[in-house]
Amino acid sequence: MSAIVLLALGLGIMALGYFLYSKFIAEKIYRLDPDFKTPAHEFEDGVDFVPTNRYVLWGHHFTSVAGAAPIVGPAIAVIWGWLPAFLWVVFGTVFFAGVHDTGAVWASVRNKARSVGSLTGDVVGKRARSIFMIVIFLLLLMVNAVFAVVIAGLMMKFPSAVVPVWGAILVALVIGQLIYRRIINLAVVSIIGVVALYALIWVGPSVPIQMPEQVGALSGNAVWILLLFGYAAIASLLPVWMLLQPRDYINGLQLFIGLIILYGALVMLNPSLVAPMYNTDVPEGTPSIVPLLFVTIACGAISGFHGLVAGGTTSKQLDKETDARFVGYFGSVGEGMLALGAILAATAGFATFGEWSAMYDAFGKGGVNAFVEGGAYIISNGIGLPETTAATLLTVMAALFAGTTMDTGLRLQRYIFQEWGEIYNQQWMKKPSIATLLAVGSCLVLAFGAGADGSGGLIIWPLFGTTNQLLAGLTLLVVTVMLVRLGRPMWYTLAPLLFLLVMTVLALFAQLKSFYEAENYFLLGLDIVVLIASILVAMECAAALKRVRQEKAQAPS
């Protein structure tokens, strides 16, 4: 089958989702109000609460939620065949992710930009809030610790990406000043930023920077991880307009240009999908497609991490409530497009089925390497760009997105510690500098406590998908209860919520069995914790909805 057909179908369905379904959800379900005074205006402080142009905010939200996960998940999941991955990414984006992300922004904006975790206490109950905060902390710990490993690994393997990855920070600092101080209009600033970023990508292969395998007592990988956390700690304390917003905005533009290059090369080359449509001969040890497909591909279909960003930073910068549709839903469409690109690169970026089978000889293989190698093959053969430059472009794309997610993730983890300080009346924890140190410290304990090279976060990564989907279910629970209280239709959020809870619980039971057979008692214990949390979430979901419906029924008409 031609890859062009799959590309056209995927983009067409997602476009219909944005122009038709998101309009219905925004106007009829969430009823976004252009006159509602958003927290960005109500609490404007120039640091966290900053009214922001919707295009700039879209760039921040989209690149913060994207990261490397919509590349890794789909590029692993194609081991079951390209059709299941394609269907979950496309229809998950339209009916799950867009509704979830827009709803999370709306719920937070309507409650003074509080995080969805904090909001749970009022909407659902204190017990649910405690569960939510633990799940959030675990998820952020995984994301921050693991994405640091991913970026460090990419820079060790592709030294040509070092200059573009770090140079992008300087570009963002300049762009931030130009946008915030209105020195140049947004269109010109966008062109300057994109040209500078791609100039760095072009220069990167000429000045590769290779970190030595050993630097004193530390490995080269560990040095990169420490540098990344040092940078992320500083970035989390800076005003959002100075680095976070412009970095995310320029990266968002860079991704779309990168996708245009990848998609354009694919059209020029017109490769066939060498992977099977549905793989009936999966390698030994590959788990069942149901339910593992729905947690292997989280980002790119629906992801709980999106709710953290939506209610953690995005809601604090929303200029008009109606911007939530563009920022939230279209941000999800952007991620779906990235996941679609990963599927195409990982299934059409190989010359033969034999080459594809060699890459996917065991479950968990593929990932970023399949995306970079397959995508570089398509770009090089499609438009004639040197394969090294094409690989650098895609590596930088993956690393920059992982970096922006890490930036936002550490800021969110800082917020979590500050919210705990608020909940438990610990004034010292509410200080940004102390909360940041606690956030970085907890990540480093995980990263280096379980791995001398800083890769300890990978130990708990197998539970990322289930924890992430559990969090998405919790977010949808909060949104659903709010809708019921307002007397609005709830099935557009309740149906995805129920589906996620069922798949998450089934996946946790499946992983429980595999961890027990592998005698991995640490992950076994952690799996039980998340499983209990899932069951409690289901019970809280039922109790909260029953309570709210009874309140509505007893209320005087």
# chains A, B, ... in the order shown; residues from 1 in each chain; ligands from 1
>>> select_by_dssp(residues="segment 110-313 of chain A", states="strand (DSSP E)", output="MDAnalysis selection string")
chainID A and resid 214:215 218:219
>>> select_by_dssp(residues="segment 306-499 of chain A", states="alpha helix (DSSP H)", output="ChimeraX atom specification")
/A:306-312,323-324,330-348,353-359,367-383,387-423,432-449,464-485,491-499
>>> atom_distance(atom1="atom CA of Phe158 of chain A", atom2="atom CA of Pro386 of chain A")
15.0 Å
>>> residues_around(residues="Met397 of chain A", least_positions_apart="5", cutoff="9 Å", atoms="only C-alpha atoms", output="ChimeraX atom specification")
/A:68,165,251,254-255,258,392,402
>>> closest_residue(among="A:Ala390, A:Leu238, A:Ala97, A:Ile528", to="Leu497 of chain A", atoms="only C-alpha atoms")
A:Ala97
>>> residues_around(residues="segment 78-82 of chain A", least_positions_apart="4", cutoff="8 Å", atoms="only C-alpha atoms", output="number ranges by chain")
A: 74, 86, 275-280, 282, 289, 343, 346-347, 360, 363
>>> atom_distance(atom1="atom CA of Ile13 of chain A", atom2="atom CA of Asp323 of chain A")
22.0 Å
>>> residues_around(residues="Leu186 of chain A", least_positions_apart="5", cutoff="10 Å", atoms="only C-alpha atoms", output="PDB file with N, CA and C atoms, in the first residue's frame")
ATOM      1  N   ASN A  53      -0.566  35.841  23.157  1.00  0.00           N
ATOM      2  CA  ASN A  53      -1.075  35.632  21.808  1.00  0.00           C
ATOM      3  C   ASN A  53      -1.355  34.144  21.609  1.00  0.00           C
ATOM      4  N   TYR A  55      -1.331  32.138  19.136  1.00  0.00           N
ATOM      5  CA  TYR A  55      -0.394  31.370  18.316  1.00  0.00           C
ATOM      6  C   TYR A  55       0.869  31.033  19.101  1.00  0.00           C
ATOM      7  N   VAL A  56       1.339  32.003  19.886  1.00  0.00           N
ATOM      8  CA  VAL A  56       2.509  31.760  20.734  1.00  0.00           C
ATOM      9  C   VAL A  56       2.165  30.729  21.805  1.00  0.00           C
ATOM     10  N   ILE A 175      14.391  35.703  20.901  1.00  0.00           N
ATOM     11  CA  ILE A 175      13.020  35.779  20.397  1.00  0.00           C
ATOM     12  C   ILE A 175      12.071  36.259  21.496  1.00  0.00           C
ATOM     13  N   LEU A 178      12.249  39.975  21.763  1.00  0.00           N
ATOM     14  CA  LEU A 178      11.646  40.618  20.594  1.00  0.00           C
ATOM     15  C   LEU A 178      10.117  40.591  20.654  1.00  0.00           C
ATOM     16  N   ILE A 179       9.559  39.444  21.127  1.00  0.00           N
ATOM     17  CA  ILE A 179       8.100  39.319  21.198  1.00  0.00           C
ATOM     18  C   ILE A 179       7.538  40.142  22.362  1.00  0.00           C
ATOM     19  N   TYR A 180       8.122  39.948  23.561  1.00  0.00           N
ATOM     20  CA  TYR A 180       7.574  40.564  24.777  1.00  0.00           C
ATOM     21  C   TYR A 180       7.663  42.089  24.732  1.00  0.00           C
ATOM     22  N   ILE A 191       9.895  34.288  11.442  1.00  0.00           N
ATOM     23  CA  ILE A 191      10.821  33.989  10.340  1.00  0.00           C
ATOM     24  C   ILE A 191      12.264  33.996  10.845  1.00  0.00           C
ATOM     25  N   ILE A 192      12.609  35.016  11.653  1.00  0.00           N
ATOM     26  CA  ILE A 192      13.971  35.104  12.201  1.00  0.00           C
ATOM     27  C   ILE A 192      14.291  33.856  13.025  1.00  0.00           C
TER      28      ILE A 192
END
>>> closest_residue(among="A:Ile297, A:Gly125, A:Pro283, A:Gly73", to="Ala370 of chain A", atoms="only C-alpha atoms")
A:Gly73
>>> residues_around(residues="Arg325 of chain A", least_positions_apart="4", cutoff="9 Å", atoms="only C-alpha atoms", output="VMD selection string")
chain A and resid 18 22 to 23 25 to 26 32 98 101 to 102 321 329 to 331
>>> write_last_selection(atoms="N, CA, C and O atoms", output="PDB file, in the first residue's frame")
ATOM      1  N   TYR A  18     -10.934  18.880  13.682  1.00  0.00           N
ATOM      2  CA  TYR A  18     -10.729  20.235  14.187  1.00  0.00           C
ATOM      3  C   TYR A  18     -11.816  21.185  13.715  1.00  0.00           C
ATOM      4  O   TYR A  18     -12.401  21.933  14.511  1.00  0.00           O
ATOM      5  N   SER A  22     -14.428  19.828  16.974  1.00  0.00           N
ATOM      6  CA  SER A  22     -13.948  20.729  18.023  1.00  0.00           C
ATOM      7  C   SER A  22     -14.845  21.956  18.146  1.00  0.00           C
ATOM      8  O   SER A  22     -15.020  22.506  19.228  1.00  0.00           O
ATOM      9  N   LYS A  23     -15.421  22.411  17.037  1.00  0.00           N
ATOM     10  CA  LYS A  23     -16.336  23.553  17.059  1.00  0.00           C
ATOM     11  C   LYS A  23     -17.587  23.203  17.868  1.00  0.00           C
ATOM     12  O   LYS A  23     -18.069  23.998  18.688  1.00  0.00           O
ATOM     13  N   ILE A  25     -17.802  20.827  20.227  1.00  0.00           N
ATOM     14  CA  ILE A  25     -17.414  20.661  21.631  1.00  0.00           C
ATOM     15  C   ILE A  25     -17.237  22.020  22.311  1.00  0.00           C
ATOM     16  O   ILE A  25     -17.696  22.233  23.443  1.00  0.00           O
ATOM     17  N   ALA A  26     -16.577  22.952  21.624  1.00  0.00           N
ATOM     18  CA  ALA A  26     -16.297  24.266  22.207  1.00  0.00           C
ATOM     19  C   ALA A  26     -17.573  25.077  22.414  1.00  0.00           C
ATOM     20  O   ALA A  26     -17.728  25.763  23.440  1.00  0.00           O
ATOM     21  N   LEU A  32     -17.482  27.938  25.523  1.00  0.00           N
ATOM     22  CA  LEU A  32     -16.413  28.897  25.771  1.00  0.00           C
ATOM     23  C   LEU A  32     -16.912  30.324  25.537  1.00  0.00           C
ATOM     24  O   LEU A  32     -17.567  30.610  24.528  1.00  0.00           O
ATOM     25  N   GLY A  98      -8.324  15.736  21.822  1.00  0.00           N
ATOM     26  CA  GLY A  98      -8.787  17.110  21.656  1.00  0.00           C
ATOM     27  C   GLY A  98      -9.806  17.503  22.699  1.00  0.00           C
ATOM     28  O   GLY A  98      -9.758  18.609  23.260  1.00  0.00           O
ATOM     29  N   ASP A 101      -7.894  17.751  26.193  1.00  0.00           N
ATOM     30  CA  ASP A 101      -7.016  18.910  26.358  1.00  0.00           C
ATOM     31  C   ASP A 101      -7.810  20.209  26.468  1.00  0.00           C
ATOM     32  O   ASP A 101      -7.522  21.059  27.319  1.00  0.00           O
ATOM     33  N   THR A 102      -8.810  20.375  25.591  1.00  0.00           N
ATOM     34  CA  THR A 102      -9.644  21.578  25.660  1.00  0.00           C
ATOM     35  C   THR A 102     -10.393  21.631  26.988  1.00  0.00           C
ATOM     36  O   THR A 102     -10.490  22.692  27.618  1.00  0.00           O
ATOM     37  N   GLU A 321     -10.974  32.955  26.696  1.00  0.00           N
ATOM     38  CA  GLU A 321     -11.393  31.577  26.930  1.00  0.00           C
ATOM     39  C   GLU A 321     -11.615  30.831  25.620  1.00  0.00           C
ATOM     40  O   GLU A 321     -11.346  29.634  25.519  1.00  0.00           O
ATOM     41  N   TYR A 329      -7.316  21.919  21.436  1.00  0.00           N
ATOM     42  CA  TYR A 329      -7.681  20.904  20.434  1.00  0.00           C
ATOM     43  C   TYR A 329      -6.672  20.871  19.288  1.00  0.00           C
ATOM     44  O   TYR A 329      -6.224  19.795  18.880  1.00  0.00           O
ATOM     45  N   PHE A 330      -6.310  22.045  18.770  1.00  0.00           N
ATOM     46  CA  PHE A 330      -5.361  22.035  17.654  1.00  0.00           C
ATOM     47  C   PHE A 330      -3.968  21.601  18.115  1.00  0.00           C
ATOM     48  O   PHE A 330      -3.197  21.039  17.338  1.00  0.00           O
ATOM     49  N   GLY A 331      -3.655  21.845  19.394  1.00  0.00           N
ATOM     50  CA  GLY A 331      -2.405  21.309  19.941  1.00  0.00           C
ATOM     51  C   GLY A 331      -2.396  19.791  19.879  1.00  0.00           C
ATOM     52  O   GLY A 331      -1.387  19.166  19.541  1.00  0.00           O
TER      53      GLY A 331
END
>>> residues_around(residues="Met1 of chain A", least_positions_apart="5", cutoff="10 Å", atoms="only C-alpha atoms", output="list in words")
Leu6, Asn270, Pro271, Ser272, Leu273, Val274, Ala275, Pro276, Met277 and Ala348 of chain A
>>> closest_atom_pairs(of="segment 476-538 of chain A", to="segment 137-155 of chain A", cutoff="12 Å", atoms="only C-alpha atoms", output="tab-separated table")
residue	atom	partner	partner_atom	distance
A:Leu526	CA	A:Leu138	CA	10.2
A:Asp527	CA	A:Leu138	CA	11.8
A:Val529	CA	A:Leu138	CA	10.9
A:Val530	CA	A:Leu138	CA	9.7
A:Ala533	CA	A:Leu138	CA	12.0
>>> closest_atom_pairs(of="segment 185-237 of chain A", to="segment 449-467 of chain A", cutoff="9 Å", atoms="only C-alpha atoms", output="CSV")
residue,atom,partner,partner_atom,distance
A:Leu218,CA,A:Asp453,CA,7.1
A:Ser219,CA,A:Asp453,CA,5.9
A:Gly220,CA,A:Asp453,CA,8.2
A:Asn221,CA,A:Asp453,CA,6.2
A:Ala222,CA,A:Asp453,CA,4.8
A:Val223,CA,A:Asp453,CA,8.5
A:Ile225,CA,A:Gly454,CA,6.7
A:Leu226,CA,A:Gly454,CA,8.3
>>> write_last_selection(atoms="N, CA and C atoms", output="mmCIF file, in the first residue's frame")
data_model
loop_
_atom_site.group_PDB
_atom_site.id
_atom_site.type_symbol
_atom_site.label_atom_id
_atom_site.label_comp_id
_atom_site.auth_asym_id
_atom_site.auth_seq_id
_atom_site.Cartn_x
_atom_site.Cartn_y
_atom_site.Cartn_z
ATOM 1 N N LEU A 218 32.382 10.374 36.318
ATOM 2 C CA LEU A 218 31.069 10.254 35.686
ATOM 3 C C LEU A 218 31.187 9.835 34.227
ATOM 4 N N SER A 219 30.151 9.154 33.749
ATOM 5 C CA SER A 219 30.099 8.850 32.324
ATOM 6 C C SER A 219 29.668 10.095 31.557
ATOM 7 N N GLY A 220 29.960 10.113 30.258
ATOM 8 C CA GLY A 220 29.554 11.254 29.437
ATOM 9 C C GLY A 220 28.049 11.447 29.462
ATOM 10 N N ASN A 221 27.323 10.345 29.468
ATOM 11 C CA ASN A 221 25.868 10.385 29.533
ATOM 12 C C ASN A 221 25.392 11.085 30.807
ATOM 13 N N ALA A 222 26.031 10.762 31.936
ATOM 14 C CA ALA A 222 25.657 11.355 33.223
ATOM 15 C C ALA A 222 25.935 12.856 33.247
ATOM 16 N N VAL A 223 27.025 13.281 32.609
ATOM 17 C CA VAL A 223 27.350 14.708 32.553
ATOM 18 C C VAL A 223 26.268 15.471 31.801
ATOM 19 N N ILE A 225 23.175 14.624 31.480
ATOM 20 C CA ILE A 225 21.957 14.619 32.297
ATOM 21 C C ILE A 225 22.021 15.697 33.370
ATOM 22 N N LEU A 226 23.177 15.832 34.024
ATOM 23 C CA LEU A 226 23.333 16.874 35.051
ATOM 24 C C LEU A 226 23.219 18.270 34.445
#
>>> closest_residue(among="A:Leu338, A:Leu470, A:Val207, A:Leu119", to="Val89 of chain A", atoms="only C-alpha atoms")
A:Leu338
>>> closest_residue(among="A:Ser64, A:Thr93, A:Thr38, A:Asn520", to="Val333 of chain A", atoms="only C-alpha atoms")
A:Thr93
>>> atom_distance(atom1="atom CA of Leu83 of chain A", atom2="atom CA of Leu20 of chain A")
24.3 Å
>>> closest_residue(among="A:Ala301, A:Ile76, A:Leu173, A:Met406", to="Ala472 of chain A", atoms="only C-alpha atoms")
A:Ala301
>>> closest_residue(among="A:Gly487, A:Met268, A:Ile184, A:Gly285", to="Ala518 of chain A", atoms="only C-alpha atoms")
A:Gly285
